[in-house]
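J.: I have a structure I would like to understand better, so I am pasting it below and will then ask my questions one at a time.
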Amino acid sequence: MRWRRLKAIAVKEVLQIWRDPRSLMIALLLPFTQMFLLGYGVNLDLKHLPVCTFDREGSQLSQALFKHFQASQYFTIARNVTSYAELTAAIDDATCGFAIVVPPDFSERLNDTGSAPVQAILDASDDNTANLALGYATAVVAGYSADVQLHWFDRQGRPLQQIEPMTVQSRVWFNEDLESRNFIIPGLVAVIMALVGAQLTSLTISRERERGTMELLVSTPVKPVELMFGKLAPYLVLGWLDAAFCLVIAALWFAVPFRGTLVALFLTTTLFLVAVLSIGYLLSVLIRSQVGASQIALVVTMLPTVLLSGYVFPIDQMPTVVQDITYLLYSRYYVTILKAVFLKGSGILELMTPILFLAVYASAVMILAARSFRKRLD
Amino acid sequence: MNAGTPIVAAEALTKRFAESVAVDGLTFSVDRGEIFGLVGPDGAGKTTTMRMLAGVLPPDAGSIVVDSVDVVADPEGAKQHISYMPQRFGLYEDLTVDENIRFYADLFEVPSALREERATRLLAASGMSQFRARLAGQLSGGMKQKLGLTCALVHTPQVLLLDEPTTGVDPVSRRDFWRILYGLREEGVTILISTAYLDEAERCNRLALLYGGRVLYCDTPVALKRHMPGALIVITSSAGRDARAAIARLAGVSNVVLVGDGVHAVVDDSRLRIPELRQALEGVNVPFANIAVGEPSIEDVFMALLDDPEAPR
């Protein structure tokens, strides 16, 4: 391998990237927009869900219940309605996704029997939100019940410490606020890098073929490895830029806690980029047209990374067969690494297994790509 | 190095594509320092032959040796000795003239001082010195070809392969181009050039006439003309069309073509046919100034050979 030929290819590629606004756009604008779009778009948290109340009693107790809802960060009381018809209309036009109905005999039953039902009506056309809302509502109501119970015992003149209910004090590690954003954004960086990286290199060889520059290129003494490294090098630099971009947005803009070291982040990101860029390059070697190569690159990088890397959908909840398949996916390791580096502050030693997998993967794809390239016209 | 052994030798070269045989048992050899022409119509197998010689297309059968390197067995080794200029413009249109030259010089590991000296000289010879910072895509057709030649020459190749380098090039650029080629021959570079232009063929030292993937004849232009079956008759006339109509169907006359100042025809026996032609023209009152045996061009020879049932096929 000759350094001079490798450098000649790299310099040529840089000039071409610089003069082709299309590839620069993919490289610089796409990660930026995707980061914001998906960073804000994908959110599994439920916050301030608009709630309608239908108070059929109008007592102190019923109003106290609503105050509990209002105080919760998950709900905001949007409207107080006075009939079922109005309530139905409010759910239909999505003014609220959730309604609580307090029955007319609420206080009476509560005082007599110590328990009374309330009705919850949910818009379950989005079942995920409905499930979450129901869970949170149950918690709010339980909190309220405990309050009521305490008051009841108090009025009966029993000492409070005797009936102090058992409480669980939970402590959440690594993502203390249970922000789904903290969990999603590091994985999102992987998704974007996979998309952009493979897109960029998927054009490099097919472009030489389509523009008719390949015939002259293969008539020179350049070696397939020199061509590959020369073509990958500028895109690796672009990839570093993109990754820095995305990671800075993640840490500063979305305020995802960053607890790891930059060394670990740099090493693992480089390995991932090399794997992704090599996949794009391999496709470019195998598929003749630029359009074809870029389409297939999209399918083999973006799709599995979104679905199978554990970026949003937890791998341990997948069927066993699918879980086994995810081991074949390079982005799985990077998503694991990113989450660990960001949230747990894991270092290179703790991450040795996924790092090794990534390294093996990247080398395997590069060897395959270098071998698939034939210096001939066929 | 022994001047007697050919620098390029192709033997029984064959290349088949899905439904056709592009090159069919081609054999020829080129001596060091000559300009050798592969001449033939489109589809004769010129480009396929050039690609095989350049080591970018493996032949199905046959052997190629360039500068003592077996191109079929070791194409990469041969590429150090060869410069190949494909028919289609193969340089980067989004790179400037200088950037393209530098790129190819680096791929052949030419020292930068040498590259600079050579690029300056070659660009000056082709009148392109003032375009060095221009993008290759913004050059005219002729200038692109001259840039291609410059890139091919930055690394002093032993053998230069040019595939139809002057197709679509204006006459002035074409003349520049040939002047550079003659200069290279003086320096001892062996040049293989393919062309469909038969007037260019006369500029070569030796020619291979290609047709249907085979060599019909391979010789110097002068010797090839002796292979011409029959003789070329030149009729000078102001009424060329009428003259052609009058003689086209006569026995022993073939390939009657209209030229600037009359008609060319090929006859089997000039002594016998000239009086007959004269008689035929006078019979229909076509005016003519002169009728005589002429010196055939390569084009005349080629056309006559294609029509000759005894020519090797």
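The chains in the structure tokens are called A, B, ... from first to last as shown; in each chain the residues are counted from 1, and the ligands are counted from 1 in the order shown.
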Please report as CSV every residue of chain A lying within 6 Å of chain B, along with the nearest atom pair and their distance in Å (one decimal), using only C-alpha atoms.

T.:
```
residue,atom,partner,partner_atom,distance
A:Arg5,CA,B:Leu107,CA,4.9
A:Ala8,CA,B:Phe103,CA,5.7
A:Gly212,CA,B:Gly90,CA,5.6
A:Thr213,CA,B:Gly90,CA,4.3
A:Leu216,CA,B:Gly90,CA,5.5
A:Thr220,CA,B:Lys79,CA,6.0
A:Pro221,CA,B:Lys79,CA,5.7
A:Arg376,CA,B:Val56,CA,4.4
A:Leu377,CA,B:Leu57,CA,5.7
```

J.: Would you put the residues from that selection into a file with C-alpha atoms, as a PDB file, in the first residue's frame?

T.:
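Result file is selection17.pdb:
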```pdb
ATOM      1  CA  ARG A   5      -1.693   7.011  -3.949  1.00  0.00           C
ATOM      2  CA  ALA A   8      -4.162  11.287  -3.991  1.00  0.00           C
ATOM      3  CA  GLY A 212     -17.285   7.029 -16.745  1.00  0.00           C
ATOM      4  CA  THR A 213     -14.190   7.759 -14.689  1.00  0.00           C
ATOM      5  CA  LEU A 216      -9.291   5.232 -16.487  1.00  0.00           C
ATOM      6  CA  THR A 220      -3.696   2.939 -13.205  1.00  0.00           C
ATOM      7  CA  PRO A 221      -1.560   1.013 -10.696  1.00  0.00           C
ATOM      8  CA  ARG A 376     -11.731  -4.431 -14.289  1.00  0.00           C
ATOM      9  CA  LEU A 377     -14.683  -3.587 -16.433  1.00  0.00           C
TER      10      LEU A 377
END
```

J.: If we count only C-alpha atoms, what is near Gly25 in chain B at a cut-off of 10 Å, once residues fewer than 2 positions away on the same chain are taken out, given as a list in words?

T.: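 So, after excluding close chain neighbours, the residues are Ala10, Glu11, Ala12, Leu13, Thr14, Lys15, Val21, Ala22, Val23, Thr27, Ala61, Gly62, Gly213, Arg214 and Val215 of chain B.
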
J.: One decimal, in Å: what's the spacing between CA of Phe174 in chain A and CA of Val274 in chain A?

T.: 29.0 Å

J.: Near range 129-141 of chain B, counting only C-alpha atoms, which residues have an atom at most 12 Å away, once you skip same-chain residues fewer than 3 positions from it, shown as JSON, numbers by chain?

T.: {"A": [15, 16, 19, 211], "B": [88, 89, 90, 91, 92, 93, 94, 95, 96, 97, 98, 99, 100, 101, 102, 116, 119, 120, 121, 122, 123, 124, 125, 126, 144, 145, 146, 147, 148, 150, 151, 165, 166, 167, 168, 169, 170, 171, 172, 173, 174]}

J.: May I ask which of the residues A:Ala243, A:Val148, A:Val285, A:Val321 is the closest one to Leu65 in chain A, counting only C-alpha atoms?

T.: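 Closest to Leu65 in chain A of all the choices is A:Val148.
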
J.: DSSP says strand (DSSP E or B) for which residues of range 17-136 of chain B? Put them as number ranges by chain?

T.: B: 17, 20-30, 35-39, 61-66, 69-70, 82-85, 96, 135

J.: At a cut-off of 8 Å, using only C-alpha atoms, what residues contact range 324-327 of chain A? Leave out same-chain residues fewer than 6 positions from it and give the result as JSON, numbers by chain.

T.: {"A": [308, 309, 315]}

J.: Considering only C-alpha atoms, return as number ranges by chain whatever protein or nucleic-acid residues lie within 12 Å of Asn285 in chain B, sequence-local ones (same chain, fewer than 2 positions apart) excluded.

T.: B: 237, 239, 242-243, 246, 278-283, 287-288

J.: Selection from above, all heavy atoms, as a tab-separated table (two decimals), in the first residue's frame, can you write it?

T.:
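File result.tsv, as written:
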```tsv
chain	number	residue	atom	x	y	z
B	237	SER	N	-14.66	15.29	-63.12
B	237	SER	CA	-15.85	15.68	-63.88
B	237	SER	C	-16.62	16.74	-63.10
B	237	SER	O	-16.65	16.73	-61.87
B	237	SER	CB	-16.75	14.46	-64.13
B	237	SER	OG	-18.02	14.89	-64.55
B	239	ALA	N	-19.81	16.94	-63.51
B	239	ALA	CA	-21.14	16.35	-63.31
B	239	ALA	C	-20.99	14.99	-62.65
B	239	ALA	O	-21.27	13.95	-63.25
B	239	ALA	CB	-21.88	16.25	-64.65
B	242	ASP	N	-24.05	12.48	-62.44
B	242	ASP	CA	-24.39	11.84	-63.73
B	242	ASP	C	-23.34	10.80	-64.07
B	242	ASP	O	-23.66	9.71	-64.55
B	242	ASP	CB	-24.45	12.90	-64.84
B	242	ASP	CG	-25.56	13.91	-64.55
B	242	ASP	OD1	-26.51	13.53	-63.83
B	242	ASP	OD2	-25.46	15.06	-65.01
B	243	ALA	N	-22.07	11.13	-63.79
B	243	ALA	CA	-20.99	10.20	-64.09
B	243	ALA	C	-21.15	8.92	-63.30
B	243	ALA	O	-21.00	7.81	-63.83
B	243	ALA	CB	-19.65	10.86	-63.79
B	246	ALA	N	-23.84	6.79	-64.66
B	246	ALA	CA	-23.52	6.20	-65.95
B	246	ALA	C	-22.64	4.96	-65.83
B	246	ALA	O	-22.74	4.04	-66.65
B	246	ALA	CB	-22.82	7.24	-66.83
B	278	ARG	N	-14.76	5.32	-70.52
B	278	ARG	CA	-14.76	6.49	-71.39
B	278	ARG	C	-15.95	6.42	-72.36
B	278	ARG	O	-16.71	7.37	-72.51
B	278	ARG	CB	-13.44	6.51	-72.17
B	278	ARG	CG	-13.11	7.84	-72.85
B	278	ARG	CD	-11.84	7.68	-73.66
B	278	ARG	NE	-10.66	7.43	-72.84
B	278	ARG	CZ	-9.90	8.38	-72.31
B	278	ARG	NH1	-10.20	9.64	-72.51
B	278	ARG	NH2	-8.85	8.07	-71.59
B	279	GLN	N	-16.12	5.24	-72.93
B	279	GLN	CA	-17.20	5.00	-73.90
B	279	GLN	C	-18.57	5.23	-73.24
B	279	GLN	O	-19.44	5.88	-73.81
B	279	GLN	CB	-17.11	3.56	-74.36
B	279	GLN	CG	-17.53	3.36	-75.80
B	279	GLN	CD	-17.28	1.89	-76.19
B	279	GLN	OE1	-16.70	1.10	-75.45
B	279	GLN	NE2	-17.72	1.54	-77.38
B	280	ALA	N	-18.71	4.69	-72.02
B	280	ALA	CA	-19.99	4.79	-71.33
B	280	ALA	C	-20.34	6.25	-71.03
B	280	ALA	O	-21.50	6.67	-71.18
B	280	ALA	CB	-19.93	4.01	-70.02
B	281	LEU	N	-19.33	7.01	-70.61
B	281	LEU	CA	-19.58	8.42	-70.27
B	281	LEU	C	-19.92	9.21	-71.52
B	281	LEU	O	-20.86	10.02	-71.52
B	281	LEU	CB	-18.35	9.03	-69.57
B	281	LEU	CG	-18.06	8.49	-68.17
B	281	LEU	CD1	-16.72	9.00	-67.66
B	281	LEU	CD2	-19.18	8.87	-67.20
B	282	GLU	N	-19.17	8.95	-72.59
B	282	GLU	CA	-19.44	9.68	-73.83
B	282	GLU	C	-20.81	9.31	-74.38
B	282	GLU	O	-21.52	10.15	-74.93
B	282	GLU	CB	-18.35	9.37	-74.87
B	282	GLU	CG	-17.08	10.15	-74.58
B	282	GLU	CD	-15.87	9.61	-75.33
B	282	GLU	OE1	-15.95	8.50	-75.93
B	282	GLU	OE2	-14.83	10.28	-75.29
B	283	GLY	N	-21.21	8.04	-74.16
B	283	GLY	CA	-22.49	7.55	-74.66
B	283	GLY	C	-23.68	8.31	-74.11
B	283	GLY	O	-24.70	8.46	-74.78
B	287	PRO	N	-19.97	15.23	-69.32
B	287	PRO	CA	-18.69	15.86	-69.56
B	287	PRO	C	-17.66	15.38	-68.54
B	287	PRO	O	-17.99	15.20	-67.37
B	287	PRO	CB	-18.99	17.36	-69.34
B	287	PRO	CG	-20.16	17.38	-68.44
B	287	PRO	CD	-20.96	16.14	-68.72
B	288	PHE	N	-16.43	15.11	-68.96
B	288	PHE	CA	-15.36	14.80	-68.01
B	288	PHE	C	-14.03	15.30	-68.56
B	288	PHE	O	-13.80	15.33	-69.76
B	288	PHE	CB	-15.31	13.31	-67.72
B	288	PHE	CG	-15.01	12.44	-68.91
B	288	PHE	CD1	-13.72	12.05	-69.17
B	288	PHE	CD2	-16.03	12.03	-69.77
B	288	PHE	CE1	-13.42	11.25	-70.27
B	288	PHE	CE2	-15.75	11.24	-70.86
B	288	PHE	CZ	-14.46	10.84	-71.13
```

J.: Can you list, as a PyMOL selection string, every protein, DNA or RNA residue that comes within 10 Å of range 253-260 of chain B when you count only C-alpha atoms, leaving out same-chain residues fewer than 4 positions away?

T.: chain B and resi 230-238+240-241+243-245+247-249+264-270+273+277+300+303-304+307

J.: Take the residues that were just selected and, keeping N, CA and C atoms, output them as an mmCIF file, in the first residue's frame.

T.:
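The new file out_29.cif reads:
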```
data_model
loop_
_atom_site.group_PDB
_atom_site.id
_atom_site.type_symbol
_atom_site.label_atom_id
_atom_site.label_comp_id
_atom_site.auth_asym_id
_atom_site.auth_seq_id
_atom_site.Cartn_x
_atom_site.Cartn_y
_atom_site.Cartn_z
ATOM 1 N N GLY B 230 -7.476 -4.943 -57.869
ATOM 2 C CA GLY B 230 -7.837 -4.041 -58.961
ATOM 3 C C GLY B 230 -7.148 -2.707 -58.812
ATOM 4 N N ALA B 231 -7.729 -1.687 -59.404
ATOM 5 C CA ALA B 231 -7.095 -0.376 -59.397
ATOM 6 C C ALA B 231 -8.129 0.700 -59.152
ATOM 7 N N LEU B 232 -7.622 1.840 -58.639
ATOM 8 C CA LEU B 232 -8.522 2.958 -58.398
ATOM 9 C C LEU B 232 -8.518 3.860 -59.622
ATOM 10 N N ILE B 233 -9.695 4.151 -60.121
ATOM 11 C CA ILE B 233 -9.819 5.028 -61.291
ATOM 12 C C ILE B 233 -10.374 6.361 -60.818
ATOM 13 N N VAL B 234 -9.675 7.444 -61.189
ATOM 14 C CA VAL B 234 -10.131 8.775 -60.816
ATOM 15 C C VAL B 234 -10.704 9.457 -62.052
ATOM 16 N N ILE B 235 -11.972 9.840 -61.956
ATOM 17 C CA ILE B 235 -12.605 10.543 -63.071
ATOM 18 C C ILE B 235 -12.868 11.976 -62.641
ATOM 19 N N THR B 236 -12.222 12.927 -63.312
ATOM 20 C CA THR B 236 -12.452 14.324 -62.981
ATOM 21 C C THR B 236 -13.606 14.827 -63.831
ATOM 22 N N SER B 237 -14.661 15.285 -63.123
ATOM 23 C CA SER B 237 -15.850 15.685 -63.877
ATOM 24 C C SER B 237 -16.623 16.743 -63.095
ATOM 25 N N SER B 238 -17.252 17.635 -63.838
ATOM 26 C CA SER B 238 -18.081 18.640 -63.171
ATOM 27 C C SER B 238 -19.480 18.097 -62.907
ATOM 28 N N GLY B 240 -20.528 15.029 -61.405
ATOM 29 C CA GLY B 240 -20.214 13.802 -60.685
ATOM 30 C C GLY B 240 -21.382 12.828 -60.578
ATOM 31 N N ARG B 241 -22.545 13.361 -60.236
ATOM 32 C CA ARG B 241 -23.703 12.499 -60.049
ATOM 33 C C ARG B 241 -24.058 11.736 -61.323
ATOM 34 N N ALA B 243 -22.071 11.135 -63.789
ATOM 35 C CA ALA B 243 -20.988 10.204 -64.094
ATOM 36 C C ALA B 243 -21.155 8.919 -63.303
ATOM 37 N N ARG B 244 -21.497 9.100 -62.009
ATOM 38 C CA ARG B 244 -21.660 7.914 -61.173
ATOM 39 C C ARG B 244 -22.788 7.033 -61.698
ATOM 40 N N ALA B 245 -23.900 7.699 -62.055
ATOM 41 C CA ALA B 245 -25.042 6.948 -62.554
ATOM 42 C C ALA B 245 -24.675 6.192 -63.832
ATOM 43 N N ILE B 247 -21.780 4.914 -64.778
ATOM 44 C CA ILE B 247 -20.820 3.807 -64.738
ATOM 45 C C ILE B 247 -21.073 2.786 -63.636
ATOM 46 N N ALA B 248 -22.006 3.106 -62.745
ATOM 47 C CA ALA B 248 -22.159 2.282 -61.542
ATOM 48 C C ALA B 248 -22.452 0.818 -61.853
ATOM 49 N N ARG B 249 -23.182 0.569 -62.938
ATOM 50 C CA ARG B 249 -23.615 -0.811 -63.191
ATOM 51 C C ARG B 249 -22.768 -1.551 -64.223
ATOM 52 N N HIS B 264 -14.710 8.444 -57.833
ATOM 53 C CA HIS B 264 -13.710 7.373 -57.730
ATOM 54 C C HIS B 264 -14.411 6.047 -57.963
ATOM 55 N N ALA B 265 -13.712 5.144 -58.630
ATOM 56 C CA ALA B 265 -14.283 3.814 -58.826
ATOM 57 C C ALA B 265 -13.156 2.802 -58.764
ATOM 58 N N VAL B 266 -13.499 1.584 -58.390
ATOM 59 C CA VAL B 266 -12.500 0.516 -58.365
ATOM 60 C C VAL B 266 -12.842 -0.432 -59.516
ATOM 61 N N VAL B 267 -11.817 -0.756 -60.299
ATOM 62 C CA VAL B 267 -12.061 -1.679 -61.423
ATOM 63 C C VAL B 267 -11.121 -2.864 -61.291
ATOM 64 N N ASP B 268 -11.508 -3.980 -61.850
ATOM 65 C CA ASP B 268 -10.669 -5.177 -61.735
ATOM 66 C C ASP B 268 -9.418 -5.072 -62.614
ATOM 67 N N ASP B 269 -9.535 -4.454 -63.783
ATOM 68 C CA ASP B 269 -8.386 -4.391 -64.695
ATOM 69 C C ASP B 269 -8.414 -3.033 -65.393
ATOM 70 N N SER B 270 -7.483 -2.169 -65.028
ATOM 71 C CA SER B 270 -7.569 -0.794 -65.509
ATOM 72 C C SER B 270 -7.378 -0.689 -67.031
ATOM 73 N N ARG B 273 -10.678 -1.691 -68.573
ATOM 74 C CA ARG B 273 -11.906 -0.971 -68.202
ATOM 75 C C ARG B 273 -11.901 0.513 -68.550
ATOM 76 N N LEU B 277 -15.108 2.700 -69.683
ATOM 77 C CA LEU B 277 -15.682 3.799 -68.900
ATOM 78 C C LEU B 277 -15.828 5.041 -69.771
ATOM 79 N N ASP B 300 -10.100 3.902 -49.682
ATOM 80 C CA ASP B 300 -10.402 3.143 -50.897
ATOM 81 C C ASP B 300 -10.012 1.686 -50.728
ATOM 82 N N MET B 303 -12.425 -0.112 -48.287
ATOM 83 C CA MET B 303 -13.724 -0.406 -48.878
ATOM 84 C C MET B 303 -13.593 -1.538 -49.899
ATOM 85 N N ALA B 304 -12.520 -1.511 -50.683
ATOM 86 C CA ALA B 304 -12.329 -2.540 -51.696
ATOM 87 C C ALA B 304 -12.106 -3.904 -51.053
ATOM 88 N N ASP B 307 -15.181 -5.597 -49.864
ATOM 89 C CA ASP B 307 -16.009 -6.151 -50.934
ATOM 90 C C ASP B 307 -15.355 -7.346 -51.605
#
```

J.: Take CA of Ala244 in chain A and CA of Thr204 in chain A and report the distance between them in Å, one decimal.

T.: 23.3 Å
